[in-house]
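*Asks:* Below is the file entry37.txt, with compact mmCIF, C-alpha atoms.
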```txt
# COMPACT_ATOMS: atom_id res chain seq x y z
CA LEU N 1 67.52 95.58 99.95
CA THR N 2 71.03 94.79 98.73
CA PRO N 3 73.18 93.46 101.60
CA ASP N 4 74.83 96.54 103.07
CA VAL N 5 74.81 98.97 106.00
CA TYR N 6 72.19 101.71 105.67
CA ALA N 7 72.26 105.02 107.55
CA TYR N 8 69.00 106.75 108.47
CA PRO N 9 67.76 109.48 110.83
CA PHE N 10 64.49 110.07 112.62
CA VAL N 11 63.20 113.64 112.41
CA VAL N 12 61.06 114.60 115.40
CA ASP N 13 59.52 118.09 115.31
CA GLY N 14 62.17 119.09 112.78
CA VAL N 15 65.08 117.75 114.88
CA PRO N 16 67.13 114.87 113.39
CA CYS N 17 67.84 112.20 115.99
CA GLU N 18 68.75 108.53 116.22
CA ASP N 19 66.29 105.67 116.36
CA PRO N 20 65.98 104.80 120.09
CA SER N 21 65.38 101.12 119.27
CA CYS N 22 68.51 100.78 117.09
CA LEU N 23 71.70 99.40 118.66
CA GLN N 24 74.06 100.55 115.89
CA ALA N 25 74.82 104.21 115.22
CA LYS N 26 77.44 106.58 113.81
CA PRO N 27 78.39 109.61 115.97
CA LEU N 28 78.11 113.03 114.35
CA ALA N 29 80.66 115.78 114.87
CA THR N 30 77.91 118.20 115.85
CA GLY N 31 76.59 115.81 118.50
CA GLY N 32 74.09 112.98 118.44
CA HIS N 33 74.10 109.97 116.18
CA GLU N 34 72.83 108.65 112.86
CA SER N 35 71.28 105.20 113.11
CA LEU N 36 72.61 102.25 111.11
CA ALA N 37 70.64 99.27 109.82
CA GLU N 38 72.54 96.25 108.53
CA VAL N 39 71.20 93.87 105.89
CA ALA N 40 73.28 90.69 106.06
CA GLY N 41 74.57 88.91 102.98
CA THR N 42 75.02 85.25 102.09
CA PRO N 43 77.91 84.66 102.21
CA PRO N 44 78.75 87.45 104.68
CA ARG N 45 80.26 90.58 103.15
CA PRO N 46 83.77 91.68 104.23
CA TRP N 47 82.32 94.43 106.49
CA GLU N 48 80.19 91.92 108.42
CA LEU N 49 81.30 90.03 111.53
CA ASN N 50 82.94 87.08 109.78
CA ALA N 51 84.29 83.98 111.52
CA VAL N 52 87.94 85.09 111.31
CA PRO N 53 90.53 86.22 113.86
CA HIS N 54 89.83 89.77 114.97
CA GLY N 55 92.07 92.69 115.78
CA ALA N 56 91.49 95.24 118.52
CA LEU N 57 90.42 98.88 118.67
CA HIS N 58 92.21 101.22 121.09
CA ARG N 59 91.31 104.76 122.13
CA GLN N 60 94.28 107.07 122.67
CA ARG N 61 93.65 110.41 124.34
CA PHE N 62 96.12 113.27 124.18
CA ASP N 63 96.27 116.99 124.91
CA SER N 64 96.77 118.79 121.61
CA GLN N 65 99.07 121.78 121.95
CA VAL N 66 98.46 122.62 118.29
CA LEU N 67 94.70 122.87 118.76
CA GLY N 68 94.58 123.82 122.43
CA GLU N 69 92.17 121.09 123.54
CA PRO N 70 92.04 117.39 124.47
CA ARG N 71 91.72 115.09 121.47
CA GLU N 72 91.41 111.37 120.88
CA VAL N 73 92.52 109.02 118.13
CA TRP N 74 91.32 105.47 117.52
CA VAL N 75 93.81 102.77 116.55
CA TYR N 76 93.26 99.32 115.02
CA THR N 77 95.86 96.65 115.73
CA PRO N 78 95.64 93.49 113.61
CA PRO N 79 95.04 89.95 114.85
CA GLY N 80 98.15 88.60 116.54
CA TYR N 81 99.56 92.03 117.38
CA ASP N 82 101.80 91.76 120.44
CA ALA N 83 103.37 94.89 121.90
CA ARG N 84 106.15 92.74 123.42
CA ALA N 85 107.09 91.01 120.17
CA PRO N 86 109.86 92.35 117.92
CA ARG N 87 107.70 92.54 114.79
CA ALA N 88 106.88 96.08 113.58
CA TYR N 89 103.91 96.84 111.33
CA PRO N 90 103.16 99.31 108.53
CA THR N 91 100.62 102.04 109.26
CA LEU N 92 97.60 103.40 107.41
CA TYR N 93 96.22 106.78 108.52
CA LEU N 94 92.53 106.73 107.52
CA LEU N 95 90.59 110.01 107.54
CA HIS N 96 86.85 110.67 107.72
CA GLY N 97 84.53 113.10 105.92
CA VAL N 98 82.87 116.33 106.94
CA MET N 99 80.30 116.23 109.78
CA GLU N 100 81.82 112.95 111.01
CA ASP N 101 84.23 112.09 113.81
CA ALA N 102 87.15 109.77 114.52
CA GLN N 103 84.85 106.75 114.92
CA ALA N 104 83.22 107.06 111.50
CA TRP N 105 85.49 104.54 109.81
CA THR N 106 84.76 101.90 112.45
CA THR N 107 81.02 102.52 112.84
CA ALA N 108 79.71 103.30 109.36
CA GLY N 109 82.89 102.31 107.55
CA ARG N 110 83.50 98.97 109.35
CA ALA N 111 87.19 99.35 108.55
CA ASP N 112 88.28 97.08 111.43
CA LEU N 113 86.03 94.24 110.25
CA ILE N 114 87.10 94.76 106.64
CA LEU N 115 90.78 94.53 107.61
CA ASP N 116 90.10 91.44 109.74
CA THR N 117 88.51 89.75 106.73
CA LEU N 118 91.13 90.80 104.18
CA ILE N 119 94.01 89.81 106.46
CA ALA N 120 92.44 86.40 107.15
CA ARG N 121 92.06 85.84 103.40
CA LYS N 122 95.68 86.98 102.86
CA GLN N 123 94.41 89.72 100.57
CA ALA N 124 95.98 92.43 102.74
CA VAL N 125 99.03 92.42 104.99
CA PRO N 126 98.60 92.98 108.74
CA MET N 127 98.79 96.69 109.45
CA VAL N 128 98.05 99.23 112.16
CA VAL N 129 95.30 101.67 111.16
CA VAL N 130 94.96 105.10 112.76
CA PHE N 131 91.66 107.03 112.80
CA PRO N 132 92.17 110.66 113.92
CA LEU N 133 89.64 113.45 114.28
CA GLY N 134 90.30 115.40 111.11
CA TYR N 135 89.35 118.99 112.01
CA GLY N 136 92.15 121.52 112.40
CA PHE N 137 90.33 123.74 114.87
CA PRO N 138 89.01 123.32 118.44
CA ASP N 139 85.39 123.22 119.63
CA VAL N 140 84.32 121.24 116.58
CA PRO N 141 80.57 120.99 117.38
CA GLU N 142 80.35 124.77 117.68
CA ARG N 143 82.72 125.78 114.90
CA ILE N 144 82.24 123.19 112.19
CA SER N 145 80.38 125.77 110.09
CA SER N 146 83.79 127.41 109.51
CA LEU N 147 84.42 124.64 106.99
CA PHE N 148 82.11 126.53 104.67
CA LEU N 149 83.65 129.97 105.16
CA GLY N 150 86.25 129.87 102.41
CA VAL N 151 89.99 129.98 102.95
CA ARG N 152 89.89 130.13 106.75
CA GLY N 153 87.94 126.88 106.94
CA GLN N 154 90.13 125.23 104.32
CA ARG N 155 93.31 126.05 106.20
CA GLY N 156 91.72 124.68 109.35
CA ILE N 157 91.25 121.24 107.86
CA LEU N 158 94.44 121.20 105.81
CA ASP N 159 97.47 122.96 107.29
CA THR N 160 96.50 123.05 110.97
CA PHE N 161 95.27 119.46 110.94
CA GLY N 162 98.53 118.53 109.21
CA ARG N 163 100.50 120.08 112.07
CA CYS N 164 98.46 118.11 114.59
CA LEU N 165 98.99 114.92 112.60
CA PHE N 166 102.75 115.32 112.13
CA GLU N 167 103.68 116.96 115.43
CA GLU N 168 101.36 115.08 117.80
CA ILE N 169 99.46 112.10 116.39
CA GLN N 170 102.21 110.43 114.39
CA PRO N 171 104.78 110.70 117.24
CA LEU N 172 102.14 109.36 119.67
CA ILE N 173 101.48 106.34 117.43
CA GLU N 174 105.16 105.64 116.85
CA ARG N 175 105.87 105.82 120.60
CA SER N 176 102.92 103.68 121.60
CA TYR N 177 102.77 100.93 118.96
CA ARG N 178 105.21 98.65 117.21
CA VAL N 179 105.19 100.34 113.80
CA ARG N 180 107.83 100.99 111.18
CA ARG N 181 108.84 104.60 110.60
CA ASP N 182 110.00 104.75 106.99
CA PRO N 183 107.74 106.47 104.40
CA ALA N 184 107.27 103.25 102.41
CA SER N 185 105.66 101.73 105.51
CA ARG N 186 103.17 104.58 105.94
CA ALA N 187 100.07 105.34 103.88
CA ILE N 188 97.37 107.98 104.20
CA ALA N 189 93.86 107.79 102.77
CA GLY N 190 90.41 109.19 103.39
CA ALA N 191 86.87 109.68 102.20
CA SER N 192 85.41 112.99 100.99
CA MET N 193 87.05 115.71 103.12
CA GLY N 194 89.54 113.07 104.28
CA GLY N 195 90.42 112.21 100.67
CA ALA N 196 91.31 115.85 99.95
CA GLN N 197 93.35 116.01 103.17
CA ALA N 198 95.18 112.79 102.27
CA LEU N 199 96.18 114.07 98.84
CA TYR N 200 97.12 117.53 100.15
CA LEU N 201 99.31 116.20 102.95
CA GLY N 202 100.73 113.35 100.90
CA LEU N 203 101.86 115.58 98.02
CA ARG N 204 103.18 118.36 100.24
CA HIS N 205 105.05 115.94 102.52
CA PRO N 206 106.41 113.15 100.30
CA ASP N 207 108.91 112.28 103.06
CA ARG N 208 106.00 111.10 105.23
CA PHE N 209 103.98 108.67 103.10
CA GLY N 210 104.67 106.25 100.30
CA ARG N 211 101.04 105.74 99.30
CA VAL N 212 98.01 108.05 99.14
CA GLY N 213 94.40 106.97 98.70
CA SER N 214 91.35 109.13 98.07
CA PHE N 215 87.75 107.95 98.07
CA SER N 216 85.41 110.58 96.57
CA GLY N 217 87.91 113.27 97.52
CA ALA N 218 86.41 116.70 98.22
CA PHE N 219 89.00 118.42 96.03
CA THR N 220 86.83 121.53 95.87
CA LEU N 221 88.50 122.34 99.22
CA LEU N 222 91.77 122.76 97.34
CA GLY N 223 90.40 125.30 94.87
CA ASN N 224 90.75 125.36 91.11
CA ASP N 225 94.47 126.19 90.82
CA LEU N 226 96.36 123.09 91.93
CA ASP N 227 99.64 124.56 90.71
CA ALA N 228 99.20 127.27 93.37
CA VAL N 229 98.29 124.70 96.04
CA PHE N 230 101.43 122.67 95.30
CA PRO N 231 104.00 125.31 94.28
CA ALA N 232 107.03 123.13 95.03
CA PHE N 233 105.57 119.98 93.49
CA ASP N 234 108.21 117.47 92.39
CA ALA N 235 106.78 114.51 90.48
CA THR N 236 109.93 112.46 91.07
CA ARG N 237 109.24 112.48 94.84
CA ALA N 238 105.46 112.05 94.71
CA PRO N 239 103.95 109.09 96.56
CA SER N 240 101.92 106.49 94.73
CA ILE N 241 98.35 107.77 94.21
CA TRP N 242 95.12 105.74 94.24
CA MET N 243 91.81 107.53 93.54
CA ALA N 244 88.24 106.25 93.50
CA CYS N 245 84.85 107.89 93.05
CA GLY N 246 81.25 106.85 92.45
CA THR N 247 79.83 107.58 89.01
CA GLY N 248 76.80 109.25 90.63
CA ASP N 249 78.88 111.35 93.02
CA PHE N 250 78.51 115.13 92.82
CA LEU N 251 82.32 115.31 93.18
CA LEU N 252 83.04 113.09 90.17
CA GLY N 253 84.05 116.07 88.00
CA ALA N 254 86.43 117.40 90.67
CA ASN N 255 87.98 113.94 91.02
CA ARG N 256 88.48 113.57 87.29
CA GLY N 257 89.98 117.06 87.15
CA CYS N 258 92.44 116.27 89.93
CA ALA N 259 93.44 113.00 88.27
CA ALA N 260 93.99 114.86 84.99
CA TRP N 261 96.21 117.42 86.75
CA LEU N 262 98.30 114.62 88.27
CA ALA N 263 98.57 112.96 84.86
CA SER N 264 99.76 116.27 83.37
CA LYS N 265 102.57 116.20 85.94
CA ARG N 266 103.43 112.62 84.90
CA VAL N 267 102.40 111.18 88.25
CA PRO N 268 101.01 107.64 87.88
CA VAL N 269 97.50 107.42 89.30
CA THR N 270 95.39 104.30 89.78
CA GLU N 271 91.80 105.39 89.09
CA LEU N 272 88.62 103.51 89.98
CA GLU N 273 85.05 104.56 89.17
CA THR N 274 82.20 102.43 90.42
CA PRO N 275 78.41 102.81 90.51
CA GLY N 276 77.20 104.81 93.49
CA ASP N 277 76.88 108.19 95.15
CA HIS N 278 78.68 110.07 97.92
CA THR N 279 78.03 107.40 100.56
CA TRP N 280 79.64 104.86 102.85
CA MET N 281 78.28 102.13 100.57
CA VAL N 282 80.87 103.24 98.02
CA TRP N 283 83.69 103.96 100.50
CA ARG N 284 83.54 100.56 102.20
CA ARG N 285 84.07 98.95 98.81
CA ASP N 286 86.83 101.45 98.03
CA LEU N 287 88.70 100.36 101.15
CA ILE N 288 88.25 96.71 100.17
CA ALA N 289 89.82 97.52 96.78
CA PHE N 290 92.56 99.80 98.18
CA ALA N 291 93.89 97.88 101.19
CA PRO N 292 95.30 94.93 99.19
CA SER N 293 97.56 97.35 97.28
CA LEU N 294 99.33 98.51 100.43
CA PHE N 295 102.76 97.52 101.75
CA LYS N 296 103.39 94.60 99.43
CA ALA N 297 107.12 95.23 99.05
CA GLY N 298 108.83 94.08 102.22
CA ALA N 299 105.49 93.70 103.97
CA GLU N 300 106.70 91.09 106.40
```
Could the structure of this file be written out as structure tokens, please?
*Replies:*
Amino acid sequence: LTPDVYAYPFVVDGVPCEDPSCLQAKPLATGGHESLAEVAGTPPRPWELNAVPHGALHRQRFDSQVLGEPREVWVYTPPGYDARAPRAYPTLYLLHGVMEDAQAWTTAGRADLILDTLIARKQAVPMVVVFPLGYGFPDVPERISSLFLGVRGQRGILDTFGRCLFEEIQPLIERSYRVRRDPASRAIAGASMGGAQALYLGLRHPDRFGRVGSFSGAFTLLGNDLDAVFPAFDATRAPSIWMACGTGDFLLGANRGCAAWLASKRVPVTELETPGDHTWMVWRRDLIAFAPSLFKAGAE
């Protein structure tokens, strides 16, 4: 097998479950886990545990008034981060896909290890990375099927999640961590559902983010009429857009269509198409390609 991280389930009497002998797993939003098997590379790949300085992962719990339930958000702080030091860091908000939870980017995605490696190689600047739970409705395990019920589900993962992000998560992060608060020092990106959320929130709130990244964005959630989705769109205020998709991805057409719409509005878009399907194997590599483009101007 090619060096990578492979996800697999066991199915016992028709019930998917994790491999009881496997130590690595990705939690699922509906409960349970999907097992992960790692094939190491020589030399080690950026998502492996390389011999470099490592950052830290923090779990922040909060009571969401927007959603009416307790929530949690995971936060990566880079190597050398010191809450008592005067230095403030830029922030990347990194969103997961459907059926996944706030830990997806650090279990299957290995985002913390990737950032450790890129920072050590001076290919990316030190940054704080925030991993929220991306569903804009409570009782996710019971109600996740609402994602497939048309407009109601779409609003739940777009507008209501946006309220939670802007009114609760972002203020929590900016109170709790030494981060800069100007739009140029904030970016938002995501995979699949998270890619569509990143573009939606980034274009509708250009005062919040200076950079937007989408990896295999599920733009079908936005519908076919992007002019109706973004009625007040102003290309002169749009953040910088970076879009990637696998050439075997079932969402490739939707991604190309979205990129074409942006181009018709004269918004510069960096596009990347690589071999692969709708999988974490593609998205890990997308993050490796995307992170070095962030926060270069005035990064230190």
*Asks:* How many Å lie between atom CA of Ile188 of chain N and atom CA of Pro79 of chain N, rounded to one decimal?
*Replies:* 21.1 Å
*Asks:* Could you tell me which of N:Tyr6, N:Trp283, N:Phe219, N:Tyr93 comes closest to Ile173 of chain N if we count only C-alpha atoms?
*Replies:*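 Checking each of N:Tyr6, N:Trp283, N:Phe219, N:Tyr93 against Ile173 of chain N, counting only C-alpha atoms, the winner is N:Tyr93.
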*Asks:* From the list N:Gln60, N:Ser214, N:Ser192, N:Ser176, which residue is nearest Phe131 of chain N when using all atoms listed in the file?
*Replies:*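 The shortest atom-to-atom distance to Phe131 of chain N comes from N:Gln60.
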*Asks:* Return the single residue from N:Phe250, N:Thr107, N:Tyr89, N:Leu294 that is closest to Gln24 of chain N, with distances computed using all atoms listed in the file.
*Replies:*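 Using all atoms listed in the file, Gln24 of chain N sits closest to N:Thr107.
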*Asks:* Compute the distance from (104.9, 112.3, 83.9) to each atom, counting all atoms listed in the file, keep the residues with any atom at most 7 Å away, and return them as a PDB file with C-alpha atoms, in the coordinates of the input; use the coordinates of the file.
*Replies:*
```
ATOM      1  CA  ALA N 263      98.570 112.960  84.860  1.00  0.00           C
ATOM      2  CA  SER N 264      99.760 116.270  83.370  1.00  0.00           C
ATOM      3  CA  LYS N 265     102.570 116.200  85.940  1.00  0.00           C
ATOM      4  CA  ARG N 266     103.430 112.620  84.900  1.00  0.00           C
ATOM      5  CA  VAL N 267     102.400 111.180  88.250  1.00  0.00           C
TER       6      VAL N 267
END
```
*Asks:* Tell me which of N:Thr247, N:Thr270, N:Thr77, N:Gln197 sits closest to Pro53 of chain N, counting only C-alpha atoms.
*Replies:*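 Smallest separation from Pro53 of chain N among the options: N:Thr77.
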*Asks:* So how many Å separate atom CA of Leu201 of chain N and atom CA of Leu165 of chain N, to one decimal?
*Replies:*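 Between atom CA of Leu201 of chain N and atom CA of Leu165 of chain N the gap is 9.7 Å.
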*Asks:* Calculate how many Å separate atom CA of Ala56 of chain N from atom CA of Gly217 of chain N, rounding to one decimal.
*Replies:* 27.9 Å
*Asks:* Show which residues sit within 8 Å of Leu199 of chain N, as a list of chain:residue names. Count all atoms listed in the file, and ignore same-chain residues fewer than 6 positions away.
*Replies:*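 Residues meeting the cut-off are N:Ala189, N:Val212, N:Gly213, N:Ser214.
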*Asks:* From the list N:Ala29, N:Val5, N:Leu36, N:Ala104, which residue is nearest Arg143 of chain N when using all atoms listed in the file?
*Replies:*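 Answer, going by the shortest atom-to-atom distance: N:Ala29.
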*Asks:* Have a look at N:Gly14, N:Pro292, N:Gly97, N:Gly253 and name the one nearest to Leu133 of chain N; count only C-alpha atoms.
*Replies:*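 Residue with the minimum atom-to-atom distance to Leu133 of chain N: N:Gly97.
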*Asks:* Got a sec to check which residues sit within 12 Å of (108.1, 117.2, 93.1), counting all atoms listed in the file, and write them as a list in words?
*Replies:*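 These residues have at least one counted atom within 12 Å: Gly202, Leu203, Arg204, His205, Pro206, Asp207, Asp227, Phe230, Pro231, Ala232, Phe233, Asp234, Ala235, Thr236, Arg237, Ala238, Pro239, Leu262, Lys265, Arg266 and Val267 of chain N.
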*Asks:* Taking all atoms of segment 230-245 of chain N that the file lists, what box with edges along x, y and z, padded by 3 Å per side, do you get, with centre and edge lengths in Å to one decimal, as JSON?
*Replies:*
```
{"center_x": 97.4, "center_y": 115.5, "center_z": 93.5, "size_x": 31.1, "size_y": 25.6, "size_z": 12.1}
```
*Asks:* Near Arg84 of chain N, counting all atoms listed in the file, which residues have an atom at most 9 Å away, once you skip same-chain residues fewer than 3 positions from it, shown as a ChimeraX atom specification?
*Replies:* /N:81,87,178
*Asks:* At a cut-off of 10 Å, using all atoms listed in the file, what residues contact Glu168 of chain N? Leave out same-chain residues fewer than 4 positions from it and give the result as an mmCIF file with C-alpha atoms, keeping the file's coordinate frame.
*Replies:*
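What ended up in around18.cif:
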```cif
data_model
loop_
_atom_site.group_PDB
_atom_site.id
_atom_site.type_symbol
_atom_site.label_atom_id
_atom_site.label_comp_id
_atom_site.auth_asym_id
_atom_site.auth_seq_id
_atom_site.Cartn_x
_atom_site.Cartn_y
_atom_site.Cartn_z
ATOM 1 C CA PHE N 62 96.120 113.270 124.180
ATOM 2 C CA ASP N 63 96.270 116.990 124.910
ATOM 3 C CA SER N 64 96.770 118.790 121.610
ATOM 4 C CA GLN N 65 99.070 121.780 121.950
ATOM 5 C CA VAL N 66 98.460 122.620 118.290
ATOM 6 C CA GLY N 162 98.530 118.530 109.210
ATOM 7 C CA ARG N 163 100.500 120.080 112.070
ATOM 8 C CA CYS N 164 98.460 118.110 114.590
ATOM 9 C CA LEU N 172 102.140 109.360 119.670
ATOM 10 C CA ILE N 173 101.480 106.340 117.430
#
```
*Asks:* If you count all atoms listed in the file, which residues fall within 10 Å of segment 123-126 of chain N, apart from same-chain ones fewer than 3 positions away, as an MDAnalysis selection string?
*Replies:* chainID N and resid 55 77:81 89:91 114:120 129 288:296 299:300
*Asks:* How about saving the chosen residues, C-alpha atoms kept, as a PDB file, keeping the file's coordinate frame?
*Replies:*
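That gives us result.pdb:
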```
ATOM      1  CA  GLY N  55      92.070  92.690 115.780  1.00  0.00           C
ATOM      2  CA  THR N  77      95.860  96.650 115.730  1.00  0.00           C
ATOM      3  CA  PRO N  78      95.640  93.490 113.610  1.00  0.00           C
ATOM      4  CA  PRO N  79      95.040  89.950 114.850  1.00  0.00           C
ATOM      5  CA  GLY N  80      98.150  88.600 116.540  1.00  0.00           C
ATOM      6  CA  TYR N  81      99.560  92.030 117.380  1.00  0.00           C
ATOM      7  CA  TYR N  89     103.910  96.840 111.330  1.00  0.00           C
ATOM      8  CA  PRO N  90     103.160  99.310 108.530  1.00  0.00           C
ATOM      9  CA  THR N  91     100.620 102.040 109.260  1.00  0.00           C
ATOM     10  CA  ILE N 114      87.100  94.760 106.640  1.00  0.00           C
ATOM     11  CA  LEU N 115      90.780  94.530 107.610  1.00  0.00           C
ATOM     12  CA  ASP N 116      90.100  91.440 109.740  1.00  0.00           C
ATOM     13  CA  THR N 117      88.510  89.750 106.730  1.00  0.00           C
ATOM     14  CA  LEU N 118      91.130  90.800 104.180  1.00  0.00           C
ATOM     15  CA  ILE N 119      94.010  89.810 106.460  1.00  0.00           C
ATOM     16  CA  ALA N 120      92.440  86.400 107.150  1.00  0.00           C
ATOM     17  CA  VAL N 129      95.300 101.670 111.160  1.00  0.00           C
ATOM     18  CA  ILE N 288      88.250  96.710 100.170  1.00  0.00           C
ATOM     19  CA  ALA N 289      89.820  97.520  96.780  1.00  0.00           C
ATOM     20  CA  PHE N 290      92.560  99.800  98.180  1.00  0.00           C
ATOM     21  CA  ALA N 291      93.890  97.880 101.190  1.00  0.00           C
ATOM     22  CA  PRO N 292      95.300  94.930  99.190  1.00  0.00           C
ATOM     23  CA  SER N 293      97.560  97.350  97.280  1.00  0.00           C
ATOM     24  CA  LEU N 294      99.330  98.510 100.430  1.00  0.00           C
ATOM     25  CA  PHE N 295     102.760  97.520 101.750  1.00  0.00           C
ATOM     26  CA  LYS N 296     103.390  94.600  99.430  1.00  0.00           C
ATOM     27  CA  ALA N 299     105.490  93.700 103.970  1.00  0.00           C
ATOM     28  CA  GLU N 300     106.700  91.090 106.400  1.00  0.00           C
TER      29      GLU N 300
END
```
*Asks:* Neighbours of Ile144 of chain N within 12 Å (all atoms listed in the file; same-chain residues fewer than 4 positions away dropped), as a VMD selection string?
*Replies:* chain N and resid 28 to 31 98 to 101 134 to 140 148 to 149 152 to 154 156 to 157
*Asks:* Could you write out that same residue set with C-alpha atoms as a PDB file, in the coordinates of the input?
*Replies:*
```
ATOM      1  CA  LEU N  28      78.110 113.030 114.350  1.00  0.00           C
ATOM      2  CA  ALA N  29      80.660 115.780 114.870  1.00  0.00           C
ATOM      3  CA  THR N  30      77.910 118.200 115.850  1.00  0.00           C
ATOM      4  CA  GLY N  31      76.590 115.810 118.500  1.00  0.00           C
ATOM      5  CA  VAL N  98      82.870 116.330 106.940  1.00  0.00           C
ATOM      6  CA  MET N  99      80.300 116.230 109.780  1.00  0.00           C
ATOM      7  CA  GLU N 100      81.820 112.950 111.010  1.00  0.00           C
ATOM      8  CA  ASP N 101      84.230 112.090 113.810  1.00  0.00           C
ATOM      9  CA  GLY N 134      90.300 115.400 111.110  1.00  0.00           C
ATOM     10  CA  TYR N 135      89.350 118.990 112.010  1.00  0.00           C
ATOM     11  CA  GLY N 136      92.150 121.520 112.400  1.00  0.00           C
ATOM     12  CA  PHE N 137      90.330 123.740 114.870  1.00  0.00           C
ATOM     13  CA  PRO N 138      89.010 123.320 118.440  1.00  0.00           C
ATOM     14  CA  ASP N 139      85.390 123.220 119.630  1.00  0.00           C
ATOM     15  CA  VAL N 140      84.320 121.240 116.580  1.00  0.00           C
ATOM     16  CA  PHE N 148      82.110 126.530 104.670  1.00  0.00           C
ATOM     17  CA  LEU N 149      83.650 129.970 105.160  1.00  0.00           C
ATOM     18  CA  ARG N 152      89.890 130.130 106.750  1.00  0.00           C
ATOM     19  CA  GLY N 153      87.940 126.880 106.940  1.00  0.00           C
ATOM     20  CA  GLN N 154      90.130 125.230 104.320  1.00  0.00           C
ATOM     21  CA  GLY N 156      91.720 124.680 109.350  1.00  0.00           C
ATOM     22  CA  ILE N 157      91.250 121.240 107.860  1.00  0.00           C
TER      23      ILE N 157
END
```
*Asks:* Export segment 194-206 of chain N, N, CA and C atoms, as a PDB file, in the first residue's frame; it's the structure right above.
*Replies:*
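Once everything was written out, this is decode33.pdb:
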```pdb
ATOM      1  N   GLY N 194     -17.520  21.179   5.027  1.00  0.00           N
ATOM      2  CA  GLY N 194     -16.763  22.296   5.582  1.00  0.00           C
ATOM      3  C   GLY N 194     -16.234  23.240   4.520  1.00  0.00           C
ATOM      4  N   GLY N 195     -15.928  22.727   3.325  1.00  0.00           N
ATOM      5  CA  GLY N 195     -15.485  23.594   2.241  1.00  0.00           C
ATOM      6  C   GLY N 195     -16.593  24.509   1.770  1.00  0.00           C
ATOM      7  N   ALA N 196     -17.821  23.968   1.666  1.00  0.00           N
ATOM      8  CA  ALA N 196     -18.971  24.798   1.285  1.00  0.00           C
ATOM      9  C   ALA N 196     -19.254  25.838   2.366  1.00  0.00           C
ATOM     10  N   GLN N 197     -19.169  25.437   3.642  1.00  0.00           N
ATOM     11  CA  GLN N 197     -19.378  26.394   4.731  1.00  0.00           C
ATOM     12  C   GLN N 197     -18.339  27.508   4.683  1.00  0.00           C
ATOM     13  N   ALA N 198     -17.072  27.131   4.440  1.00  0.00           N
ATOM     14  CA  ALA N 198     -15.996  28.127   4.416  1.00  0.00           C
ATOM     15  C   ALA N 198     -16.240  29.167   3.330  1.00  0.00           C
ATOM     16  N   LEU N 199     -16.614  28.711   2.136  1.00  0.00           N
ATOM     17  CA  LEU N 199     -16.856  29.656   1.048  1.00  0.00           C
ATOM     18  C   LEU N 199     -18.079  30.514   1.345  1.00  0.00           C
ATOM     19  N   TYR N 200     -19.147  29.905   1.824  1.00  0.00           N
ATOM     20  CA  TYR N 200     -20.385  30.623   2.124  1.00  0.00           C
ATOM     21  C   TYR N 200     -20.129  31.723   3.157  1.00  0.00           C
ATOM     22  N   LEU N 201     -19.472  31.359   4.256  1.00  0.00           N
ATOM     23  CA  LEU N 201     -19.254  32.334   5.323  1.00  0.00           C
ATOM     24  C   LEU N 201     -18.191  33.353   4.928  1.00  0.00           C
ATOM     25  N   GLY N 202     -17.178  32.906   4.188  1.00  0.00           N
ATOM     26  CA  GLY N 202     -16.134  33.829   3.783  1.00  0.00           C
ATOM     27  C   GLY N 202     -16.620  34.889   2.815  1.00  0.00           C
ATOM     28  N   LEU N 203     -17.483  34.505   1.863  1.00  0.00           N
ATOM     29  CA  LEU N 203     -17.985  35.475   0.888  1.00  0.00           C
ATOM     30  C   LEU N 203     -19.063  36.373   1.471  1.00  0.00           C
ATOM     31  N   ARG N 204     -19.849  35.845   2.394  1.00  0.00           N
ATOM     32  CA  ARG N 204     -20.921  36.654   2.976  1.00  0.00           C
ATOM     33  C   ARG N 204     -20.421  37.554   4.110  1.00  0.00           C
ATOM     34  N   HIS N 205     -19.234  37.265   4.620  1.00  0.00           N
ATOM     35  CA  HIS N 205     -18.679  38.052   5.728  1.00  0.00           C
ATOM     36  C   HIS N 205     -17.221  38.392   5.422  1.00  0.00           C
ATOM     37  N   PRO N 206     -16.980  39.209   4.398  1.00  0.00           N
ATOM     38  CA  PRO N 206     -15.596  39.516   4.011  1.00  0.00           C
ATOM     39  C   PRO N 206     -14.840  40.310   5.069  1.00  0.00           C
TER      40      PRO N 206
END
```
